[in-house]
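Containing mmCIF, C-alpha atoms: final.cif.
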```cif
data_my_file
#
loop_
_atom_site.label_atom_id
_atom_site.label_comp_id
_atom_site.auth_asym_id
_atom_site.auth_seq_id
_atom_site.Cartn_x
_atom_site.Cartn_y
_atom_site.Cartn_z
CA MET A 869 24.06 14.54 1.34
CA THR A 870 20.31 14.19 1.37
CA THR A 871 18.42 16.75 3.43
CA MET A 872 16.10 15.53 6.15
CA ALA A 873 12.62 16.99 6.34
CA VAL A 874 12.02 15.47 9.78
CA THR A 875 14.31 13.83 12.33
CA PHE A 876 13.08 12.39 15.63
CA LYS A 877 15.94 11.27 17.87
CA ASP A 878 15.10 9.42 21.11
CA VAL A 879 12.08 11.62 21.73
CA SER A 880 10.22 10.90 24.98
CA LYS A 881 7.17 12.49 26.52
CA ALA A 882 5.31 11.28 29.61
CA PHE A 883 1.68 11.91 30.52
CA THR A 884 -0.26 10.50 33.46
CA TRP A 885 -1.66 7.57 31.53
CA PHE A 886 0.51 7.43 28.47
CA GLN A 887 4.17 7.59 27.64
CA LEU A 888 6.00 8.12 24.37
CA ASN A 889 9.27 6.24 24.61
CA ALA A 890 12.56 7.06 22.83
CA MET A 891 10.89 7.60 19.45
CA SER A 892 13.35 7.79 16.54
CA PHE A 893 12.65 8.06 12.80
CA ARG A 894 13.68 10.12 9.77
CA LEU A 895 11.93 11.49 6.71
CA GLU A 896 13.99 12.56 3.69
CA GLU A 897 13.05 15.67 1.76
CA GLY A 898 10.81 14.98 -1.25
CA GLN A 899 9.12 11.95 0.30
CA ILE A 900 5.83 11.02 1.93
CA MET A 901 5.80 9.30 5.31
CA GLY A 902 2.85 7.36 6.65
CA LEU A 903 2.75 7.15 10.44
CA VAL A 904 0.70 4.08 11.28
CA GLY A 905 -0.53 2.82 14.62
CA PRO A 906 -3.60 1.51 16.41
CA ASN A 907 -5.80 3.97 18.31
CA GLY A 908 -3.91 5.36 21.28
CA ALA A 909 -0.49 4.37 19.89
CA GLY A 910 0.87 7.92 20.12
CA LYS A 911 0.43 9.14 16.53
CA SER A 912 -1.16 12.45 17.52
CA THR A 913 1.39 12.96 20.31
CA CYS A 914 4.20 12.55 17.75
CA ILE A 915 2.53 15.05 15.45
CA ARG A 916 1.91 17.58 18.21
CA LEU A 917 5.57 17.30 19.21
CA LEU A 918 6.61 17.73 15.59
CA MET A 919 4.48 20.87 15.26
CA GLY A 920 5.93 22.31 18.46
CA LEU A 921 2.55 22.21 20.19
CA LEU A 922 4.15 20.02 22.89
CA GLN A 923 7.69 20.03 24.24
CA PRO A 924 9.50 16.70 24.60
CA ASP A 925 10.85 15.61 28.01
CA ALA A 926 13.95 14.27 26.30
CA GLY A 927 15.37 13.86 22.80
CA GLU A 928 15.70 16.08 19.76
CA ILE A 929 13.34 16.99 16.91
CA ASN A 930 14.68 18.63 13.77
CA VAL A 931 12.51 20.02 10.98
CA LEU A 932 13.95 21.16 7.63
CA GLY A 933 17.34 21.76 9.21
CA HIS A 934 16.02 23.63 12.25
CA ASN A 935 15.99 22.40 15.82
CA MET A 936 12.45 22.56 17.21
CA ARG A 937 13.69 23.51 20.68
CA SER A 938 16.09 26.32 19.77
CA GLN A 939 14.62 27.58 16.47
CA PRO A 940 10.89 26.78 16.53
CA ALA A 941 9.88 29.93 14.62
CA LEU A 942 12.23 29.17 11.70
CA ALA A 943 11.04 25.57 11.54
CA LYS A 944 7.36 26.50 11.63
CA GLN A 945 7.66 29.01 8.79
CA ASP A 946 7.76 26.25 6.22
CA MET A 947 5.29 23.83 7.81
CA ALA A 948 1.54 23.52 7.51
CA TYR A 949 -0.66 21.34 9.65
CA VAL A 950 -4.09 19.82 9.21
CA ALA A 951 -5.91 17.95 11.96
CA ASP A 952 -9.43 16.65 12.24
CA GLY A 953 -11.76 19.09 14.00
CA MET A 954 -9.42 22.05 13.53
CA GLY A 955 -11.04 25.43 13.96
CA LEU A 956 -13.14 26.58 11.05
CA TYR A 957 -15.79 29.22 11.79
CA ASP A 958 -19.21 27.69 11.24
CA LYS A 959 -20.79 31.02 10.42
CA ALA A 960 -18.21 32.10 7.85
CA SER A 961 -17.84 31.09 4.20
CA VAL A 962 -15.07 29.16 2.44
CA GLU A 963 -14.00 32.41 0.76
CA TRP A 964 -13.79 34.20 4.13
CA HIS A 965 -11.39 31.52 5.37
CA ILE A 966 -9.24 31.84 2.27
CA ASN A 967 -8.97 35.61 2.72
CA PHE A 968 -8.27 35.22 6.42
CA VAL A 969 -5.42 32.74 5.99
CA ARG A 970 -3.96 34.61 2.99
CA ALA A 971 -3.62 37.73 5.16
CA MET A 972 -1.89 35.78 7.93
CA VAL A 973 0.78 33.83 6.09
CA PRO A 974 4.02 34.89 4.32
CA VAL A 975 3.46 32.73 1.20
CA TRP A 976 0.16 32.16 -0.58
CA ASP A 977 -0.42 30.71 -4.05
CA GLU A 978 -3.79 32.14 -5.10
CA GLU A 979 -3.87 30.34 -8.45
CA TYR A 980 -3.31 27.00 -6.73
CA ALA A 981 -6.03 27.83 -4.18
CA ARG A 982 -8.54 28.50 -7.02
CA ARG A 983 -7.52 25.30 -8.78
CA LEU A 984 -8.02 23.31 -5.57
CA LEU A 985 -11.48 24.86 -5.08
CA LYS A 986 -12.44 23.44 -8.45
CA HIS A 987 -10.81 20.04 -7.90
CA PHE A 988 -12.53 19.65 -4.56
CA HIS A 989 -15.91 20.91 -5.91
CA LEU A 990 -16.11 23.60 -3.23
CA GLN A 991 -18.22 26.75 -3.63
CA PRO A 992 -16.44 29.89 -2.35
CA GLY A 993 -19.65 31.36 -0.94
CA GLN A 994 -20.69 28.22 0.95
CA MET A 995 -21.00 28.48 4.74
CA ILE A 996 -18.82 26.11 6.76
CA ARG A 997 -21.78 24.81 8.80
CA SER A 998 -23.41 23.48 5.62
CA LEU A 999 -20.35 21.40 4.66
CA SER A 1000 -19.98 17.65 5.10
CA THR A 1001 -17.05 16.11 7.02
CA GLY A 1002 -15.24 15.40 3.75
CA GLU A 1003 -15.75 18.96 2.51
CA ARG A 1004 -14.43 20.42 5.77
CA THR A 1005 -11.30 18.30 5.43
CA LYS A 1006 -10.91 19.55 1.87
CA VAL A 1007 -11.18 23.19 3.02
CA LEU A 1008 -8.50 22.57 5.66
CA LEU A 1009 -6.28 20.85 3.12
CA LEU A 1010 -6.75 23.68 0.63
CA LEU A 1011 -5.80 26.27 3.26
CA ALA A 1012 -2.65 24.28 4.05
CA LEU A 1013 -1.64 23.41 0.46
CA ALA A 1014 -2.00 26.94 -0.93
CA ARG A 1015 0.66 28.06 1.54
CA ARG A 1016 3.06 25.86 -0.44
CA PRO A 1017 4.69 24.52 2.72
CA ARG A 1018 7.89 22.52 2.44
CA LEU A 1019 6.54 20.14 5.06
CA LEU A 1020 2.87 19.29 5.21
CA VAL A 1021 1.73 17.47 8.33
CA LEU A 1022 -1.67 15.78 8.47
CA ASP A 1023 -3.29 14.02 11.39
CA GLU A 1024 -5.67 11.32 10.11
CA PRO A 1025 -6.66 13.20 6.94
CA THR A 1026 -8.87 10.45 5.55
CA THR A 1027 -10.65 9.20 8.67
CA GLY A 1028 -14.41 9.21 8.25
CA LEU A 1029 -14.35 10.09 4.56
CA ASP A 1030 -16.16 8.32 1.74
CA PRO A 1031 -14.02 6.55 -0.91
CA VAL A 1032 -14.39 9.32 -3.51
CA ALA A 1033 -13.36 12.11 -1.12
CA ARG A 1034 -10.49 9.94 0.07
CA HIS A 1035 -9.31 9.41 -3.47
CA GLU A 1036 -9.45 13.16 -4.22
CA ILE A 1037 -7.43 13.97 -1.12
CA MET A 1038 -4.85 11.24 -1.75
CA SER A 1039 -4.31 12.38 -5.31
CA GLU A 1040 -3.78 16.01 -4.21
CA LEU A 1041 -1.27 14.78 -1.64
CA SER A 1042 0.73 12.85 -4.19
CA ASP A 1043 0.72 15.91 -6.49
CA VAL A 1044 2.61 17.81 -3.80
CA LEU A 1045 5.61 15.62 -4.55
CA LEU A 1046 5.92 16.80 -8.15
CA ASP A 1047 8.24 19.28 -6.45
CA ASP A 1048 11.11 17.26 -4.99
CA ARG A 1049 11.76 19.74 -2.17
CA ARG A 1050 8.36 19.19 -0.57
CA SER A 1051 7.56 16.51 1.95
CA VAL A 1052 4.46 15.14 3.62
CA LEU A 1053 4.01 13.34 6.92
CA PHE A 1054 0.58 11.93 7.63
CA SER A 1055 -0.85 9.66 10.27
CA SER A 1056 -3.48 7.09 9.54
CA HIS A 1057 -4.85 3.77 10.59
CA ASN A 1058 -5.93 3.12 7.04
CA THR A 1059 -3.06 0.96 5.82
CA ARG A 1060 -4.35 0.99 2.25
CA ASP A 1061 -3.90 4.74 1.89
CA VAL A 1062 -0.48 4.47 3.45
CA GLU A 1063 0.59 1.55 1.27
CA GLN A 1064 -0.42 3.39 -1.86
CA ILE A 1065 1.26 6.76 -1.51
CA SER A 1066 3.95 6.53 1.18
CA ASP A 1067 7.66 6.29 0.47
CA GLN A 1068 8.52 5.83 4.14
CA ILE A 1069 6.47 3.95 6.69
CA THR A 1070 6.71 4.16 10.46
CA PHE A 1071 4.78 1.75 12.68
CA ILE A 1072 4.20 2.71 16.30
CA ASP A 1073 2.31 0.95 19.10
CA ARG A 1074 1.78 1.77 22.80
CA GLY A 1075 4.12 4.74 22.65
CA GLU A 1076 6.98 2.80 21.10
CA LEU A 1077 8.52 2.52 17.67
CA VAL A 1078 7.80 -0.86 16.07
CA ASP A 1079 9.53 -0.38 12.72
CA SER A 1080 10.45 2.39 10.30
CA SER A 1081 11.80 1.98 6.78
CA ASP A 1082 11.08 2.66 3.15
CA LYS A 1083 7.98 0.98 1.80
CA GLU A 1084 9.63 -1.18 -0.83
CA SER A 1085 11.97 -2.84 1.66
CA PHE A 1086 9.07 -3.30 4.09
CA LEU A 1087 7.17 -5.26 1.48
CA GLU A 1088 10.30 -7.13 0.37
CA ARG A 1089 11.30 -8.23 3.88
CA TRP A 1090 8.05 -9.92 4.88
CA ARG A 1091 6.75 -13.27 3.60
CA ARG A 1092 4.43 -15.99 4.70
CA ILE A 1093 5.70 -19.48 3.86
CA GLN A 1094 3.36 -22.47 3.72
CA LEU A 1095 5.23 -25.68 4.51
CA ASP A 1096 4.28 -29.34 4.32
CA VAL A 1097 5.89 -30.95 7.35
CA PRO A 1098 6.18 -34.68 8.11
CA ALA A 1099 5.17 -35.48 11.69
CA ASN A 1100 8.68 -36.28 12.94
CA VAL A 1101 10.29 -33.07 11.65
CA VAL A 1102 11.13 -30.32 14.13
CA LEU A 1103 10.98 -26.91 12.46
CA PRO A 1104 13.92 -24.61 13.23
CA LYS A 1105 13.25 -20.94 13.99
CA PRO A 1106 15.97 -18.86 12.32
CA GLU A 1107 16.35 -15.16 13.07
CA GLY A 1108 13.60 -13.09 11.54
CA VAL A 1109 10.88 -15.68 11.99
CA VAL A 1110 8.15 -13.99 14.01
CA GLU A 1111 5.63 -16.81 14.10
CA ILE A 1112 5.25 -20.51 13.32
CA VAL A 1113 1.73 -21.94 13.33
CA ARG A 1114 1.62 -25.71 12.91
CA LYS A 1115 -1.55 -27.66 12.18
CA GLY A 1116 -1.43 -31.34 11.26
CA HIS A 1117 1.08 -31.76 8.48
CA SER A 1118 1.24 -28.14 7.45
CA ALA A 1119 2.85 -25.09 8.97
CA THR A 1120 2.74 -21.35 8.31
CA VAL A 1121 5.95 -19.44 8.93
CA THR A 1122 5.84 -15.64 9.07
CA ILE A 1123 9.23 -14.04 8.50
CA ASN A 1124 10.45 -10.42 8.43
CA ARG A 1125 13.90 -11.11 6.96
CA TRP A 1126 12.98 -12.90 3.79
CA SER A 1127 15.70 -14.15 1.48
CA PRO A 1128 15.50 -17.03 -1.01
CA GLU A 1129 17.93 -19.05 1.18
CA ILE A 1130 15.10 -19.58 3.66
CA VAL A 1131 13.59 -22.07 1.20
CA SER A 1132 16.66 -24.32 1.13
CA PHE A 1133 17.04 -23.87 4.87
CA TYR A 1134 13.59 -25.31 5.57
CA GLU A 1135 13.85 -27.96 2.87
CA SER A 1136 17.10 -29.24 4.40
CA SER A 1137 15.30 -29.57 7.73
CA GLY A 1138 12.88 -32.04 6.10
CA ALA A 1139 9.92 -29.79 5.20
CA THR A 1140 8.60 -29.05 1.68
CA VAL A 1141 7.76 -25.50 0.66
CA HIS A 1142 4.18 -25.46 -0.59
CA GLU A 1143 3.77 -21.76 -1.24
CA ILE A 1144 5.50 -18.43 -0.59
CA GLN A 1145 3.16 -15.50 -0.16
CA ARG A 1146 3.82 -11.78 -0.15
CA MET A 1147 2.03 -9.80 2.54
CA ASN A 1148 0.23 -6.49 2.19
CA LEU A 1149 0.93 -3.61 4.54
CA GLU A 1150 -2.05 -4.39 6.76
CA GLU A 1151 -0.90 -7.97 7.32
CA ILE A 1152 2.64 -6.76 7.97
CA PHE A 1153 1.38 -4.13 10.38
CA ILE A 1154 -0.69 -6.60 12.40
CA ALA A 1155 2.10 -9.19 12.48
CA SER A 1156 4.71 -6.68 13.64
CA VAL A 1157 2.51 -5.14 16.32
CA ILE A 1158 1.54 -8.53 17.74
CA HIS A 1159 5.16 -9.72 17.61
CA LYS A 1160 6.37 -6.58 19.41
CA ARG A 1161 3.66 -6.95 22.10
CA GLU A 1162 4.55 -10.61 22.65
CA GLN A 1163 8.21 -9.71 23.06
CA ALA A 1164 7.35 -6.98 25.57
CA GLU A 1165 5.04 -9.29 27.53
CA SER A 1166 7.56 -12.14 27.67
CA ARG A 1167 10.06 -9.68 29.14
CA GLU A 1168 7.53 -8.50 31.76
CA LEU A 1169 6.21 -11.93 32.70
CA PRO A 1170 9.00 -13.17 35.03
CA SER A 1171 8.92 -10.04 37.19
CA ARG A 1172 5.15 -10.24 37.43
CA LYS A 1173 5.30 -13.80 38.74
CA GLU A 1174 7.71 -13.08 41.58
CA PRO A 1175 5.39 -11.25 44.00
CA ALA A 1176 2.76 -14.00 43.68
CA MET B 9 0.78 12.76 -22.27
CA ASP B 10 -2.14 11.40 -20.27
CA ILE B 11 -0.53 8.67 -18.22
CA HIS B 12 -3.83 7.01 -17.35
CA THR B 13 -4.47 6.01 -20.92
CA TYR B 14 -1.17 4.12 -20.77
CA ILE B 15 -0.80 2.74 -17.28
CA ASN B 16 -3.53 1.18 -15.17
CA LEU B 17 -2.80 -0.29 -11.78
CA SER B 18 -5.09 -2.83 -10.23
CA GLN B 19 -5.86 -3.20 -6.54
CA THR B 20 -6.94 -6.79 -7.10
CA ASP B 21 -3.72 -7.75 -8.85
CA HIS B 22 -1.69 -9.47 -6.15
CA ARG B 23 1.67 -8.68 -7.70
CA PRO B 24 3.55 -5.76 -6.16
CA MET B 25 2.88 -2.41 -7.75
CA TYR B 26 6.39 -1.93 -9.15
CA LEU B 27 6.04 -5.19 -11.13
CA GLN B 28 2.71 -4.04 -12.54
CA ILE B 29 4.28 -0.78 -13.70
CA MET B 30 7.20 -2.62 -15.30
CA ASP B 31 4.85 -4.98 -17.10
CA GLN B 32 2.69 -2.21 -18.47
CA ILE B 33 5.61 -0.17 -19.73
CA ARG B 34 7.11 -3.25 -21.44
CA HIS B 35 3.70 -3.97 -22.98
CA ARG B 36 3.40 -0.40 -24.32
CA VAL B 37 6.78 -0.81 -25.98
CA ALA B 38 5.92 -4.26 -27.34
CA LEU B 39 2.73 -2.81 -28.87
CA GLY B 40 4.75 -0.05 -30.51
CA ASP B 41 2.89 2.74 -28.67
CA TRP B 42 6.12 3.85 -27.08
CA VAL B 43 9.00 3.78 -29.55
CA ALA B 44 12.79 3.69 -29.20
CA GLY B 45 14.18 6.99 -27.97
CA GLN B 46 10.79 8.37 -26.93
CA GLU B 47 10.58 10.34 -23.68
CA ILE B 48 8.38 8.81 -21.00
CA PRO B 49 6.91 10.55 -17.91
CA SER B 50 9.42 11.41 -15.18
CA ILE B 51 9.37 9.37 -11.98
CA ARG B 52 7.61 12.12 -10.04
CA ALA B 53 5.10 12.83 -12.80
CA MET B 54 4.25 9.13 -13.02
CA ALA B 55 3.92 8.85 -9.23
CA ALA B 56 1.68 11.91 -9.01
CA ALA B 57 -0.53 10.83 -11.91
CA LEU B 58 -1.07 7.36 -10.47
CA SER B 59 -1.19 8.61 -6.84
CA ILE B 60 1.46 6.15 -5.78
CA SER B 61 4.80 6.41 -3.99
CA VAL B 62 7.75 7.97 -5.75
CA ILE B 63 9.88 5.14 -4.38
CA THR B 64 7.71 2.51 -6.09
CA VAL B 65 8.00 4.16 -9.50
CA LYS B 66 11.72 4.68 -8.93
CA ARG B 67 12.16 0.97 -8.32
CA ALA B 68 10.22 0.05 -11.47
CA TYR B 69 12.30 2.49 -13.57
CA LEU B 70 15.58 1.24 -12.07
CA GLU B 71 14.80 -2.38 -12.88
CA LEU B 72 13.65 -1.49 -16.39
CA GLU B 73 16.94 0.32 -16.80
CA HIS B 74 18.83 -2.83 -15.77
CA GLU B 75 16.83 -4.76 -18.35
CA GLY B 76 17.80 -2.22 -20.97
CA VAL B 77 14.22 -1.17 -21.71
CA ILE B 78 14.60 2.45 -20.62
CA VAL B 79 17.42 4.89 -19.93
CA THR B 80 17.35 7.70 -17.40
CA ARG B 81 19.60 10.68 -18.06
CA GLN B 82 20.37 12.83 -15.06
CA GLY B 83 18.41 16.07 -15.27
CA LYS B 84 16.95 15.20 -18.69
CA GLY B 85 14.35 12.57 -17.93
CA SER B 86 13.63 8.97 -18.85
CA PHE B 87 13.45 7.55 -22.36
CA ILE B 88 12.73 4.26 -24.06
CA ALA B 89 16.11 2.74 -24.93
CA ASP B 90 17.54 3.86 -28.24
CA ASN B 91 17.36 0.40 -29.73
CA PRO B 92 15.26 -0.04 -32.89
CA ASP B 93 14.67 -3.74 -32.07
CA ILE B 94 13.37 -3.11 -28.56
CA GLY B 95 9.71 -3.60 -29.53
CA SER B 96 10.25 -6.99 -31.14
CA ALA B 97 12.62 -8.06 -28.35
CA LEU B 98 9.86 -7.38 -25.82
CA ARG B 99 7.25 -9.12 -27.97
CA HIS B 100 9.45 -12.21 -27.95
CA GLN B 101 9.97 -11.85 -24.22
CA GLU B 102 6.19 -11.74 -23.67
CA LEU B 103 5.77 -14.85 -25.81
CA ASP B 104 8.49 -16.65 -23.87
CA GLN B 105 6.66 -15.89 -20.64
CA HIS B 106 3.55 -17.64 -21.96
CA LEU B 107 5.58 -20.59 -23.19
CA GLU B 108 7.32 -20.87 -19.84
CA ALA B 109 3.95 -20.89 -18.10
CA ALA B 110 2.96 -23.76 -20.40
CA ILE B 111 6.16 -25.62 -19.50
CA ASP B 112 5.40 -25.19 -15.78
CA ALA B 113 1.83 -26.40 -16.28
CA ALA B 114 3.12 -29.46 -18.16
CA LYS B 115 5.59 -30.22 -15.40
CA LEU B 116 2.82 -29.99 -12.82
CA ILE B 117 0.84 -32.76 -14.50
CA GLY B 118 3.98 -34.79 -15.30
CA LEU B 119 3.79 -34.37 -19.07
CA PRO B 120 7.12 -35.30 -20.74
CA GLU B 121 8.86 -32.73 -22.94
CA GLN B 122 8.20 -34.70 -26.13
CA GLU B 123 4.49 -34.80 -25.50
CA LEU B 124 4.36 -31.08 -24.79
CA GLN B 125 5.94 -30.43 -28.19
CA THR B 126 3.51 -32.86 -29.84
CA ARG B 127 0.57 -31.11 -28.22
CA LEU B 128 1.77 -27.71 -29.38
CA ARG B 129 2.10 -29.00 -32.96
CA GLU B 130 -1.35 -30.60 -32.68
CA LEU B 131 -2.91 -27.31 -31.49
CA LEU B 132 -1.19 -25.40 -34.29
CA ARG B 133 -2.50 -27.94 -36.84
CA GLN B 134 -6.07 -27.61 -35.47
CA ARG B 135 -5.86 -23.82 -35.74
CA SER B 136 -4.73 -23.88 -39.35
CA GLU B 137 -7.48 -26.39 -40.24
CA GLU B 138 -10.10 -24.19 -38.58
CA SER B 139 -9.00 -21.11 -40.46
CA SER B 140 -8.83 -22.93 -43.81
CA GLU B 141 -12.34 -24.34 -43.21
CA GLN B 142 -13.66 -20.88 -42.45
CA ARG B 143 -12.16 -19.17 -45.45
CA PRO B 144 -14.17 -20.86 -48.28
CA GLY B 145 -17.42 -20.33 -46.33
CA HIS B 146 -16.60 -16.72 -45.79
CA ASN B 147 -15.80 -16.24 -49.47
CA LYS B 148 -19.05 -17.86 -50.54
CA GLU B 149 -21.09 -15.56 -48.30
CA SER B 150 -19.44 -12.41 -49.52
CA SER B 151 -19.76 -13.40 -53.18
CA GLU B 152 -23.51 -13.91 -52.87
#
```

Mind turning this structure into structure tokens?
Amino acid sequence: MTTMAVTFKDVSKAFTWFQLNAMSFRLEEGQIMGLVGPNGAGKSTCIRLLMGLLQPDAGEINVLGHNMRSQPALAKQDMAYVADGMGLYDKASVEWHINFVRAMVPVWDEEYARRLLKHFHLQPGQMIRSLSTGERTKVLLLLALARRPRLLVLDEPTTGLDPVARHEIMSELSDVLLDDRRSVLFSSHNTRDVEQISDQITFIDRGELVDSSDKESFLERWRRIQLDVPANVVLPKPEGVVEIVRKGHSATVTINRWSPEIVSFYESSGATVHEIQRMNLEEIFIASVIHKREQAESRELPSRKEPA
Amino acid sequence: MDIHTYINLSQTDHRPMYLQIMDQIRHRVALGDWVAGQEIPSIRAMAAALSISVITVKRAYLELEHEGVIVTRQGKGSFIADNPDIGSALRHQELDQHLEAAIDAAKLIGLPEQELQTRLRELLRQRSEESSEQRPGHNKESSE
């Protein structure tokens, strides 16, 4: 049986203006998960729940075989967390932070810490206040990585970074997985980073799960089909078709359950397949979020009309 | 082994990443850089070196295994298949891909099969004329 690094089961949490609704997803040990959502989707709430910084109203969270409610201390032992704007002391040096964290944690890999200093081009004696945004993120990542956590959790690690710093951070993250017992969960709205290094992808929007599966099947399931359609032909909408846009004699069908049979299905209805296009993660993300919102709104619409 | 000198992935290539990896590994074998029986980087080492998902590399390796290009032995690693003809088989496969592309292009412009064959012979004849024209000139120059 494969071990789960993270399990969210029907996790809900309500705030005054925002609600996380029955969130469920799983991350296997030895994999990277990208948690993707627009601003305000609930990514940080999920991560704060995962880290035990918030308690869920309902549902269960398990981390590395430990229940977050009943055994939070055991679960936290093997986790490290990096979030934007986390406390670093402006008036202290990089070295001071390394010594401070080393004294606080049960496991510390000093050799790895020194190697990361070099990789990230950080000077041990440098004061935190003189560091750029990218360098601060690198310090935080170093402090987390050198603890050799079995689960590394990062909230928007690449937001606001230049392409070179982003590349350096992404490549350190993927190095973590040389050890197949380590896992990473990171949130991002940069779909390119997520597409590149994630094994598992979870889309969330407005506090709800949109989709969660392994990256390869995500990319395999979605296609855009360009059809040439004679004027008198009515296009069917089989299951899995999220959108049909028709203009003149051509139509674009977006589908999330692609199989080659779709081609013969549309051709037998009288259309000709002009082109079948793969979609990148960003296109898939936008299409699924919009589809999910449309579904939600079409459910709400009738009840809204009644009072008027 | 420095993986980057062997495998290069392109962000502007529109094919999925696992297909790019498969192509490049096949090409390495066709060129004779990776020989039958040789060990290749493990899935995790390849993923880490290229900063891409483990699952993507796993998929590429699995499909190459189905094609008989590589073998993965549990706990031992992945190797180029122990088949001395693998390099030439892949060279032929690469050639066939080009020829198939030519067939598709011919179909697209409605060129009959016979004419495609005639054109190929014609192009081959032109090539051999060009090289035989060049050779005497080249010889003259070097003898002077």

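Comparing the minimum interatomic distances between chain B and each of A:His1035, A:Arg1015, A:Lys1115, A:His989, counting only C-alpha atoms, we find that A:His1035 sits nearest.
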
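Near chain A, within 6 Å and counting all atoms listed in the file, the residues of chain B are Arg52, Ala56, Ser59, Ile60, Ser61 and Ile63 of chain B.
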
(message) Between A:Ala1099, A:Ile1123, A:Leu1029, A:Met919, which residue has the minimum interatomic distance to A:Phe1086, considering all atoms listed in the file?
(response)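 Ranked by minimum distance to A:Phe1086, first place goes to A:Ile1123.
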
(request) Work out how far atom CA of B:Asp112 is from atom CA of B:Arg127, in Å to one decimal. (result)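 Atom CA of B:Asp112 lies at a distance of 14.6 Å from atom CA of B:Arg127.
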
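Nearest to A:Leu932 of all the residues A:Met947, A:Val904, A:Val879, A:Cys914 is A:Met947, counting all atoms listed in the file.
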
(request) Using all atoms listed in the file, collect all residues at a distance of at most 9 Å from (4.5, -10.3, -19.3) as written in the file, then present them as a ChimeraX atom specification. (result) /B:31-32,34-35,98,101-106

Any chance you could work out the residue set of the PyMOL selection byres ((chain A and resi 1058) around 10) here, as a short mmCIF file (atom, residue, chain, number, x, y, z; two decimals) with C-alpha atoms, keeping the file's coordinate frame?
```cif
data_model
loop_
_atom_site.label_atom_id
_atom_site.label_comp_id
_atom_site.auth_asym_id
_atom_site.auth_seq_id
_atom_site.Cartn_x
_atom_site.Cartn_y
_atom_site.Cartn_z
CA GLY A 902 2.85 7.36 6.65
CA VAL A 904 0.70 4.08 11.28
CA GLY A 905 -0.53 2.82 14.62
CA PRO A 906 -3.60 1.51 16.41
CA GLU A 1024 -5.67 11.32 10.11
CA THR A 1026 -8.87 10.45 5.55
CA THR A 1027 -10.65 9.20 8.67
CA SER A 1055 -0.85 9.66 10.27
CA SER A 1056 -3.48 7.09 9.54
CA HIS A 1057 -4.85 3.77 10.59
CA THR A 1059 -3.06 0.96 5.82
CA ARG A 1060 -4.35 0.99 2.25
CA ASP A 1061 -3.90 4.74 1.89
CA VAL A 1062 -0.48 4.47 3.45
CA GLU A 1063 0.59 1.55 1.27
CA LEU A 1149 0.93 -3.61 4.54
CA GLU A 1150 -2.05 -4.39 6.76
#
```

(request) Would you work out the distance separating atom CA of A:Met872 from atom CA of A:Arg894, expressed in Å to one decimal? (result) 6.9 Å

(message) Using Å and a single decimal, report how far atom CA of B:Arg67 sits from atom CA of A:Val1157.
(response) 27.2 Å

(request) Return as a PyMOL selection string the set of residues that the PyMOL selection byres ((chain A and resi 1096) around 9) yields on the displayed structure. (result) chain A and resi 1094-1095+1097-1098+1117-1119+1139-1142

What would the file look like if the residues just selected were written as an mmCIF file, in the frame of the given file with C-alpha atoms?
```
data_model
loop_
_atom_site.group_PDB
_atom_site.id
_atom_site.type_symbol
_atom_site.label_atom_id
_atom_site.label_comp_id
_atom_site.auth_asym_id
_atom_site.auth_seq_id
_atom_site.Cartn_x
_atom_site.Cartn_y
_atom_site.Cartn_z
ATOM 1 C CA GLN A 1094 3.360 -22.470 3.720
ATOM 2 C CA LEU A 1095 5.230 -25.680 4.510
ATOM 3 C CA VAL A 1097 5.890 -30.950 7.350
ATOM 4 C CA PRO A 1098 6.180 -34.680 8.110
ATOM 5 C CA HIS A 1117 1.080 -31.760 8.480
ATOM 6 C CA SER A 1118 1.240 -28.140 7.450
ATOM 7 C CA ALA A 1119 2.850 -25.090 8.970
ATOM 8 C CA ALA A 1139 9.920 -29.790 5.200
ATOM 9 C CA THR A 1140 8.600 -29.050 1.680
ATOM 10 C CA VAL A 1141 7.760 -25.500 0.660
ATOM 11 C CA HIS A 1142 4.180 -25.460 -0.590
#
```
